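Student: One file is attached below, entry.pdb, containing PDB, C-alpha atoms.
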```pdb
ATOM      1  CA  MET A   1     261.354 152.772 -27.629
ATOM      2  CA  ALA A   2     263.726 149.987 -26.558
ATOM      3  CA  SER A   3     265.973 147.712 -28.580
ATOM      4  CA  VAL A   4     265.094 144.056 -27.919
ATOM      5  CA  LEU A   5     267.389 141.182 -28.897
ATOM      6  CA  ILE A   6     265.386 138.014 -29.622
ATOM      7  CA  VAL A   7     267.447 134.809 -29.481
ATOM      8  CA  ASP A   8     265.727 131.593 -30.619
ATOM      9  CA  ASP A   9     266.624 128.945 -33.193
ATOM     10  CA  ASP A  10     262.971 128.503 -34.222
ATOM     11  CA  PRO A  11     262.080 131.089 -36.919
ATOM     12  CA  LYS A  12     258.378 130.792 -36.070
ATOM     13  CA  ILE A  13     259.059 131.711 -32.449
ATOM     14  CA  ARG A  14     261.284 134.596 -33.553
ATOM     15  CA  ASP A  15     258.552 135.926 -35.843
ATOM     16  CA  LEU A  16     255.918 135.603 -33.094
ATOM     17  CA  LEU A  17     258.100 137.438 -30.598
ATOM     18  CA  ARG A  18     258.943 140.118 -33.154
ATOM     19  CA  LEU A  19     255.239 140.678 -33.764
ATOM     20  CA  TYR A  20     254.447 141.240 -30.095
ATOM     21  CA  VAL A  21     257.564 143.267 -29.314
ATOM     22  CA  GLU A  22     257.152 145.599 -32.287
ATOM     23  CA  ARG A  23     253.463 145.996 -31.512
ATOM     24  CA  GLU A  24     254.619 147.539 -28.220
ATOM     25  CA  GLY A  25     256.646 150.049 -30.224
ATOM     26  CA  HIS A  26     260.111 148.556 -29.687
ATOM     27  CA  ARG A  27     262.844 147.740 -32.217
ATOM     28  CA  THR A  28     264.007 144.147 -32.645
ATOM     29  CA  VAL A  29     267.269 142.447 -33.584
ATOM     30  CA  PHE A  30     267.733 138.702 -33.871
ATOM     31  CA  ALA A  31     270.071 135.768 -33.370
ATOM     32  CA  ALA A  32     269.462 132.069 -34.032
ATOM     33  CA  ASP A  33     272.256 130.605 -31.890
ATOM     34  CA  GLY A  34     274.523 131.367 -28.966
ATOM     35  CA  GLU A  35     277.478 132.731 -30.891
ATOM     36  CA  GLY A  36     275.178 134.982 -32.876
ATOM     37  CA  ALA A  37     273.595 136.237 -29.657
ATOM     38  CA  LEU A  38     276.967 137.218 -28.190
ATOM     39  CA  ALA A  39     277.903 138.997 -31.419
ATOM     40  CA  GLN A  40     274.592 140.894 -31.447
ATOM     41  CA  VAL A  41     274.984 141.997 -27.834
ATOM     42  CA  ALA A  42     278.424 143.408 -28.627
ATOM     43  CA  ARG A  43     277.311 145.001 -31.891
ATOM     44  CA  SER A  44     273.773 146.233 -31.156
ATOM     45  CA  ARG A  45     273.963 146.889 -27.384
ATOM     46  CA  PRO A  46     270.263 145.991 -26.847
ATOM     47  CA  ASP A  47     268.209 147.275 -23.932
ATOM     48  CA  ILE A  48     266.915 143.779 -23.115
ATOM     49  CA  VAL A  49     267.566 140.191 -24.261
ATOM     50  CA  LEU A  50     264.878 137.519 -24.759
ATOM     51  CA  LEU A  51     266.992 134.374 -24.634
ATOM     52  CA  ASP A  52     265.904 130.807 -25.361
ATOM     53  CA  VAL A  53     267.665 128.220 -23.195
ATOM     54  CA  MET A  54     267.662 125.363 -25.738
ATOM     55  CA  LEU A  55     269.985 126.714 -28.431
ATOM     56  CA  PRO A  56     272.297 124.837 -30.814
ATOM     57  CA  GLY A  57     275.971 125.067 -29.869
ATOM     58  CA  LEU A  58     276.206 127.324 -26.835
ATOM     59  CA  ASP A  59     273.050 126.866 -24.791
ATOM     60  CA  GLY A  60     271.162 129.779 -23.285
ATOM     61  CA  PHE A  61     272.650 129.301 -19.817
ATOM     62  CA  GLU A  62     276.194 129.659 -21.163
ATOM     63  CA  VAL A  63     275.181 132.625 -23.319
ATOM     64  CA  CYS A  64     273.584 134.264 -20.281
ATOM     65  CA  ARG A  65     276.719 133.700 -18.209
ATOM     66  CA  ARG A  66     278.962 135.243 -20.880
ATOM     67  CA  ILE A  67     276.687 138.230 -21.413
ATOM     68  CA  ARG A  68     276.586 138.880 -17.688
ATOM     69  CA  GLU A  69     280.383 138.911 -17.473
ATOM     70  CA  ALA A  70     280.449 142.009 -19.671
ATOM     71  CA  SER A  71     277.019 143.661 -19.377
ATOM     72  CA  ASP A  72     274.153 144.310 -16.967
ATOM     73  CA  VAL A  73     271.545 144.246 -19.751
ATOM     74  CA  PRO A  74     268.289 142.642 -18.493
ATOM     75  CA  ILE A  75     267.963 139.008 -19.605
ATOM     76  CA  LEU A  76     264.629 137.213 -19.812
ATOM     77  CA  LEU A  77     265.055 133.457 -20.268
ATOM     78  CA  LEU A  78     262.617 131.423 -22.354
ATOM     79  CA  THR A  79     262.711 127.824 -21.187
ATOM     80  CA  ALA A  80     260.745 124.650 -21.838
ATOM     81  CA  ARG A  81     262.004 123.225 -18.534
ATOM     82  CA  SER A  82     259.794 124.191 -15.617
ATOM     83  CA  GLY A  83     261.743 122.432 -12.845
ATOM     84  CA  ASP A  84     262.963 124.525  -9.925
ATOM     85  CA  PRO A  85     266.670 123.551 -10.381
ATOM     86  CA  ASP A  86     266.690 125.063 -13.872
ATOM     87  CA  LYS A  87     265.081 128.251 -12.578
ATOM     88  CA  VAL A  88     267.711 128.516  -9.839
ATOM     89  CA  ILE A  89     270.515 127.963 -12.369
ATOM     90  CA  GLY A  90     269.174 130.673 -14.647
ATOM     91  CA  LEU A  91     268.799 133.235 -11.868
ATOM     92  CA  ASP A  92     272.141 132.301 -10.330
ATOM     93  CA  ILE A  93     274.113 132.940 -13.518
ATOM     94  CA  GLY A  94     272.556 136.338 -13.973
ATOM     95  CA  ALA A  95     269.146 136.079 -15.628
ATOM     96  CA  ASP A  96     266.639 138.638 -14.374
ATOM     97  CA  ASP A  97     263.477 136.643 -15.051
ATOM     98  CA  TYR A  98     262.200 133.593 -16.923
ATOM     99  CA  VAL A  99     259.105 132.437 -18.772
ATOM    100  CA  VAL A 100     258.246 128.774 -19.288
ATOM    101  CA  LYS A 101     257.183 127.589 -22.753
ATOM    102  CA  PRO A 102     254.509 127.414 -23.973
ATOM    103  CA  PHE A 103     254.089 130.953 -22.730
ATOM    104  CA  SER A 104     251.278 133.439 -22.855
ATOM    105  CA  PRO A 105     252.333 136.378 -25.068
ATOM    106  CA  ARG A 106     250.482 138.690 -22.675
ATOM    107  CA  GLU A 107     252.484 137.383 -19.705
ATOM    108  CA  LEU A 108     255.738 137.580 -21.665
ATOM    109  CA  MET A 109     255.159 141.214 -22.612
ATOM    110  CA  ALA A 110     254.164 142.102 -19.042
ATOM    111  CA  ARG A 111     257.466 140.703 -17.809
ATOM    112  CA  LEU A 112     259.377 142.519 -20.542
ATOM    113  CA  ARG A 113     257.720 145.807 -19.580
ATOM    114  CA  ALA A 114     258.535 145.187 -15.916
ATOM    115  CA  LEU A 115     262.221 144.609 -16.689
ATOM    116  CA  LEU A 116     262.382 147.740 -18.820
ATOM    117  CA  ARG A 117     260.736 149.770 -16.034
ATOM    118  CA  ARG A 118     263.224 148.507 -13.469
ATOM    119  CA  ARG A 119     266.095 149.234 -15.851
ATOM    120  CA  LYS A 120     264.837 152.792 -16.370
ATOM    121  CA  ILE A 121     264.444 153.379 -12.634
ATOM    122  CA  SER A 122     267.930 151.982 -12.024
ATOM    123  CA  ASP A 123     269.419 154.232 -14.696
ATOM    124  CA  GLU A 124     267.639 157.349 -13.430
ATOM    125  CA  THR A 125     268.011 156.856  -9.690
ATOM    126  CA  ALA A 126     271.334 157.483  -7.967
ATOM    127  CA  GLU A 127     271.211 156.060  -4.451
ATOM    128  CA  ALA A 128     273.604 156.634  -1.600
ATOM    129  CA  ILE A 129     276.278 154.016  -1.039
ATOM    130  CA  LEU A 130     275.325 151.747   1.878
ATOM    131  CA  VAL A 131     278.187 150.983   4.270
ATOM    132  CA  SER A 132     278.413 148.449   7.080
ATOM    133  CA  GLY A 133     281.940 148.183   8.428
ATOM    134  CA  PRO A 134     284.105 146.728   5.647
ATOM    135  CA  LEU A 135     281.097 146.115   3.372
ATOM    136  CA  GLU A 136     279.978 148.712   0.818
ATOM    137  CA  VAL A 137     277.034 148.420  -1.579
ATOM    138  CA  ASP A 138     276.785 150.918  -4.419
ATOM    139  CA  ALA A 139     273.390 150.595  -6.149
ATOM    140  CA  GLY A 140     274.271 153.146  -8.804
ATOM    141  CA  ALA A 141     277.333 151.176  -9.916
ATOM    142  CA  VAL A 142     275.656 147.823  -9.116
ATOM    143  CA  GLU A 143     278.768 146.898  -7.147
ATOM    144  CA  ALA A 144     279.495 145.474  -3.712
ATOM    145  CA  ARG A 145     282.918 145.674  -2.065
ATOM    146  CA  LEU A 146     284.255 143.872   0.995
ATOM    147  CA  ASP A 147     287.534 145.102   2.502
ATOM    148  CA  GLY A 148     288.048 147.112  -0.684
ATOM    149  CA  ARG A 149     287.680 144.039  -2.924
ATOM    150  CA  THR A 150     284.837 143.902  -5.451
ATOM    151  CA  LEU A 151     282.596 140.901  -4.844
ATOM    152  CA  ASP A 152     281.570 138.716  -7.776
ATOM    153  CA  LEU A 153     277.820 138.771  -7.124
ATOM    154  CA  THR A 154     275.100 137.785  -9.546
ATOM    155  CA  PRO A 155     272.403 140.438 -10.121
ATOM    156  CA  PHE A 156     270.019 138.370  -8.005
ATOM    157  CA  GLU A 157     272.503 138.169  -5.102
ATOM    158  CA  PHE A 158     273.233 141.878  -5.358
ATOM    159  CA  ARG A 159     269.559 142.810  -5.191
ATOM    160  CA  LEU A 160     269.032 140.552  -2.168
ATOM    161  CA  LEU A 161     271.957 142.141  -0.323
ATOM    162  CA  HIS A 162     270.810 145.648  -1.219
ATOM    163  CA  ALA A 163     267.232 144.924  -0.085
ATOM    164  CA  LEU A 164     268.456 143.650   3.297
ATOM    165  CA  MET A 165     270.904 146.536   3.845
ATOM    166  CA  ARG A 166     268.221 149.113   3.128
ATOM    167  CA  ARG A 167     266.298 147.759   6.153
ATOM    168  CA  PRO A 168     268.962 146.897   8.761
ATOM    169  CA  GLY A 169     267.641 145.076  11.806
ATOM    170  CA  ARG A 170     264.282 144.405  10.209
ATOM    171  CA  VAL A 171     263.293 140.785   9.603
ATOM    172  CA  LEU A 172     262.317 140.250   5.968
ATOM    173  CA  SER A 173     260.316 137.151   5.123
ATOM    174  CA  ARG A 174     261.017 135.289   1.910
ATOM    175  CA  ASP A 175     257.863 136.858   0.476
ATOM    176  CA  ASP A 176     259.167 140.297   1.496
ATOM    177  CA  LEU A 177     262.412 139.608  -0.366
ATOM    178  CA  ILE A 178     260.552 138.427  -3.460
ATOM    179  CA  ASP A 179     258.468 141.614  -3.340
ATOM    180  CA  ALA A 180     261.601 143.730  -2.890
ATOM    181  CA  LEU A 181     263.162 142.119  -5.942
ATOM    182  CA  HIS A 182     260.164 142.059  -8.256
ATOM    183  CA  GLY A 183     257.399 144.228  -6.816
ATOM    184  CA  ASN A 184     254.065 143.236  -8.314
ATOM    185  CA  ASP A 185     255.757 141.434 -11.213
ATOM    186  CA  ASP A 186     256.164 138.107  -9.388
ATOM    187  CA  PRO A 187     258.029 135.664 -11.660
ATOM    188  CA  GLY A 188     256.989 132.620  -9.634
ATOM    189  CA  ILE A 189     260.063 132.490  -7.410
ATOM    190  CA  ILE A 190     259.702 130.011  -4.567
ATOM    191  CA  ASP A 191     261.043 130.182  -1.010
ATOM    192  CA  ARG A 192     263.714 127.596  -1.761
ATOM    193  CA  THR A 193     265.151 129.825  -4.489
ATOM    194  CA  ILE A 194     265.640 132.660  -1.989
ATOM    195  CA  ASP A 195     267.358 130.258   0.434
ATOM    196  CA  VAL A 196     269.740 128.993  -2.248
ATOM    197  CA  HIS A 197     270.753 132.506  -3.271
ATOM    198  CA  LEU A 198     271.161 133.665   0.334
ATOM    199  CA  GLY A 199     273.421 130.675   0.969
ATOM    200  CA  ARG A 200     275.621 131.567  -1.992
ATOM    201  CA  LEU A 201     275.657 135.230  -1.014
ATOM    202  CA  ARG A 202     276.825 134.305   2.478
ATOM    203  CA  ARG A 203     279.674 132.207   1.110
ATOM    204  CA  LYS A 204     280.865 135.122  -1.004
ATOM    205  CA  LEU A 205     280.665 137.417   2.028
ATOM    206  CA  GLY A 206     282.514 134.884   4.203
ATOM    207  CA  ASP A 207     279.552 135.167   6.544
ATOM    208  CA  PRO A 208     278.743 131.837   8.275
ATOM    209  CA  ALA A 209     275.139 131.321   9.330
ATOM    210  CA  ALA A 210     276.249 130.175  12.795
ATOM    211  CA  SER A 211     277.997 133.487  13.588
ATOM    212  CA  PRO A 212     276.886 136.092  11.045
ATOM    213  CA  ARG A 213     278.473 139.523  10.683
ATOM    214  CA  PHE A 214     275.984 140.650   8.085
ATOM    215  CA  VAL A 215     272.999 138.404   7.290
ATOM    216  CA  ALA A 216     271.261 136.380   9.988
ATOM    217  CA  THR A 217     268.580 133.729   9.609
ATOM    218  CA  VAL A 218     265.443 134.151  11.708
ATOM    219  CA  ARG A 219     264.166 130.598  11.865
ATOM    220  CA  THR A 220     260.784 129.953  10.204
ATOM    221  CA  VAL A 221     260.472 133.680   9.410
ATOM    222  CA  GLY A 222     263.192 134.930   7.076
ATOM    223  CA  TYR A 223     266.396 136.970   7.158
ATOM    224  CA  LYS A 224     267.715 140.255   8.519
ATOM    225  CA  PHE A 225     270.830 142.385   8.134
ATOM    226  CA  VAL A 226     272.428 142.508  11.579
ATOM    227  CA  GLY A 227     275.138 145.148  11.116
ATOM    228  CA  ALA A 228     274.674 148.890  11.466
ATOM    229  CA  VAL A 229     274.316 150.602   8.079
ATOM    230  CA  GLU A 230     275.325 154.137   7.171
ATOM    231  CA  GLN A 231     274.606 156.033   3.959
ATOM    232  CA  ARG A 232     277.449 157.708   2.144
ATOM    233  CA  ASP A 233     276.376 160.713   0.081
ATOM    234  CA  LEU A 234     277.239 160.477  -3.616
ATOM    235  CA  THR A 235     277.473 164.254  -3.972
ATOM    236  CA  PRO A 236     281.082 165.117  -4.872
ATOM    237  CA  GLY A 237     282.925 167.414  -2.550
ATOM    238  CA  PRO A 238     284.605 170.674  -3.554
ATOM    239  CA  GLY A 239     287.538 170.422  -5.924
TER     240      GLY A 239
END
```
Hey, can you dump this file as structure tokens for me?
Tutor:
Amino acid sequence: MASVLIVDDDPKIRDLLRLYVEREGHRTVFAADGEGALAQVARSRPDIVLLDVMLPGLDGFEVCRRIREASDVPILLLTARSGDPDKVIGLDIGADDYVVKPFSPRELMARLRALLRRRKISDETAEAILVSGPLEVDAGAVEARLDGRTLDLTPFEFRLLHALMRRPGRVLSRDDLIDALHGNDDPGIIDRTIDVHLGRLRRKLGDPAASPRFVATVRTVGYKFVGAVEQRDLTPGPG
């Protein structure tokens, strides 16, 4: 049983979401605005957040950004805006998925289950740290470091980097990267979204496309990690 924070200023939507979430056997807590959502995250420590974008006061994008600064809790955005720029914004600031209103309750719950499954797998699976020269990616800590400095990556950027480093030298198409990020739970991400996030990831890595140290573009096909990658065992040594 998971704890689900439902954030929406429409009481009818909150009641509908509560009905479907509790029918799945989960507990629910609520907030009607952005400030209330931040307070609930701090107080209740939910396992997942269903977050409406159009909120009074702080909008859902700002709430998402602030939550992500302090927590890696999965965030599922509920948005009435279906345009690709809004989807990119939401994913870039740390949302894990999004559903466009009016939504199908069945689709919404499928996405919620998928996020909870990925969270459980992440919590239960300790992976080796991946190392390529000065770059280290620690999936267990959800942290990437370059020259000893922690990189400020969004969850989406981190998962892209991790997916590429797990398959060094192999060309991954944009579809491959979408599959690596979401498996069979495709949230409707388009190729352009992958390109935007790869571009931002490269800037944070200081990795120009013209002379890449880490991520290279394979024109018309996709991307590949060009550096050699070693795995560092997480098992502590003696003493």
Student: Pull out every residue that the PyMOL selection byres ((chain A and resi 223) around 12) matches in the shown coordinates and put them as a ChimeraX atom specification.
Tutor: /A:160-161,163-165,167-177,191,194-195,198-199,202,209,212,214-222,224-226
Student: Could you tell me which of A:Lys101, A:Arg65, A:His162, A:Arg118 comes closest to Thr79 of chain A if we count all atoms listed in the file?
Tutor: A:Lys101
Student: What gap, in Å, lies between atom CA of Arg43 of chain A and atom CA of Pro105 of chain A?
Tutor: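 Between these atoms lies a distance of 27.3 Å.
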Student: Could you jot down the atom CA of Val4 of chain A to atom CA of Pro85 of chain A separation for me, Å, one decimal place?
Tutor: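 Between these atoms lies a distance of 27.0 Å.
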Student: For a quick check of understanding, using only C-alpha atoms, which of A:Ile75, A:Ala70, A:Val21, A:Ala144 has the smallest distance to Leu130 of chain A?
Tutor: A:Ala144
Student: Would you compute the distance between atom CA of Val53 of chain A and atom CA of Leu78 of chain A? Give it in Å to one decimal.
Tutor: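 So the answer is 6.0 Å.
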Student: Could you give me, as a count of residues only, the residues within 10 Å of Gly133 of chain A, counting only C-alpha atoms and dropping anything in the same chain fewer than 6 positions from it?
Tutor: 8
Student: Calculated over all atoms listed in the file, which of the candidates A:Ile6, A:Leu55, A:Val49, A:Met109 has the smallest distance to Pro74 of chain A?
Tutor: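 Closest to Pro74 of chain A, using all atoms listed in the file: A:Val49.
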Student: Excluding same-chain residues fewer than 6 positions from segment 58-64 of chain A, what lies within 12 Å of it counting only C-alpha atoms, as a JSON list (two decimals) with C-alpha atoms, keeping the file's coordinate frame?
Tutor:
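Generated output (selection_2.json):
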```
[["chain", "number", "residue", "atom", "x", "y", "z"],
["A", 6, "ILE", "CA", 265.39, 138.01, -29.62],
["A", 7, "VAL", "CA", 267.45, 134.81, -29.48],
["A", 8, "ASP", "CA", 265.73, 131.59, -30.62],
["A", 9, "ASP", "CA", 266.62, 128.94, -33.19],
["A", 31, "ALA", "CA", 270.07, 135.77, -33.37],
["A", 32, "ALA", "CA", 269.46, 132.07, -34.03],
["A", 33, "ASP", "CA", 272.26, 130.60, -31.89],
["A", 34, "GLY", "CA", 274.52, 131.37, -28.97],
["A", 35, "GLU", "CA", 277.48, 132.73, -30.89],
["A", 36, "GLY", "CA", 275.18, 134.98, -32.88],
["A", 37, "ALA", "CA", 273.60, 136.24, -29.66],
["A", 38, "LEU", "CA", 276.97, 137.22, -28.19],
["A", 39, "ALA", "CA", 277.90, 139.00, -31.42],
["A", 40, "GLN", "CA", 274.59, 140.89, -31.45],
["A", 41, "VAL", "CA", 274.98, 142.00, -27.83],
["A", 48, "ILE", "CA", 266.92, 143.78, -23.12],
["A", 49, "VAL", "CA", 267.57, 140.19, -24.26],
["A", 50, "LEU", "CA", 264.88, 137.52, -24.76],
["A", 51, "LEU", "CA", 266.99, 134.37, -24.63],
["A", 52, "ASP", "CA", 265.90, 130.81, -25.36],
["A", 70, "ALA", "CA", 280.45, 142.01, -19.67],
["A", 71, "SER", "CA", 277.02, 143.66, -19.38],
["A", 72, "ASP", "CA", 274.15, 144.31, -16.97],
["A", 73, "VAL", "CA", 271.54, 144.25, -19.75],
["A", 74, "PRO", "CA", 268.29, 142.64, -18.49],
["A", 75, "ILE", "CA", 267.96, 139.01, -19.60],
["A", 76, "LEU", "CA", 264.63, 137.21, -19.81],
["A", 77, "LEU", "CA", 265.06, 133.46, -20.27],
["A", 78, "LEU", "CA", 262.62, 131.42, -22.35],
["A", 79, "THR", "CA", 262.71, 127.82, -21.19],
["A", 80, "ALA", "CA", 260.74, 124.65, -21.84],
["A", 86, "ASP", "CA", 266.69, 125.06, -13.87],
["A", 87, "LYS", "CA", 265.08, 128.25, -12.58],
["A", 88, "VAL", "CA", 267.71, 128.52, -9.84],
["A", 89, "ILE", "CA", 270.52, 127.96, -12.37],
["A", 90, "GLY", "CA", 269.17, 130.67, -14.65],
["A", 91, "LEU", "CA", 268.80, 133.24, -11.87],
["A", 92, "ASP", "CA", 272.14, 132.30, -10.33],
["A", 93, "ILE", "CA", 274.11, 132.94, -13.52],
["A", 94, "GLY", "CA", 272.56, 136.34, -13.97],
["A", 95, "ALA", "CA", 269.15, 136.08, -15.63],
["A", 96, "ASP", "CA", 266.64, 138.64, -14.37],
["A", 97, "ASP", "CA", 263.48, 136.64, -15.05],
["A", 98, "TYR", "CA", 262.20, 133.59, -16.92],
["A", 154, "THR", "CA", 275.10, 137.78, -9.55],
["A", 155, "PRO", "CA", 272.40, 140.44, -10.12]]
```
Student: Counting only C-alpha atoms, which residue out of A:Ile178, A:Val142, A:Lys204, A:Ser132 sits closest to Arg192 of chain A?
Tutor: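 For Arg192 of chain A, the nearest of the candidates is A:Ile178.
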Student: Where does the PyMOL selection byres ((chain A and resi 3) around 6) land in this file, that is, which residues does it pick, as number ranges by chain?
Tutor: A: 2, 4, 27-28, 46-47
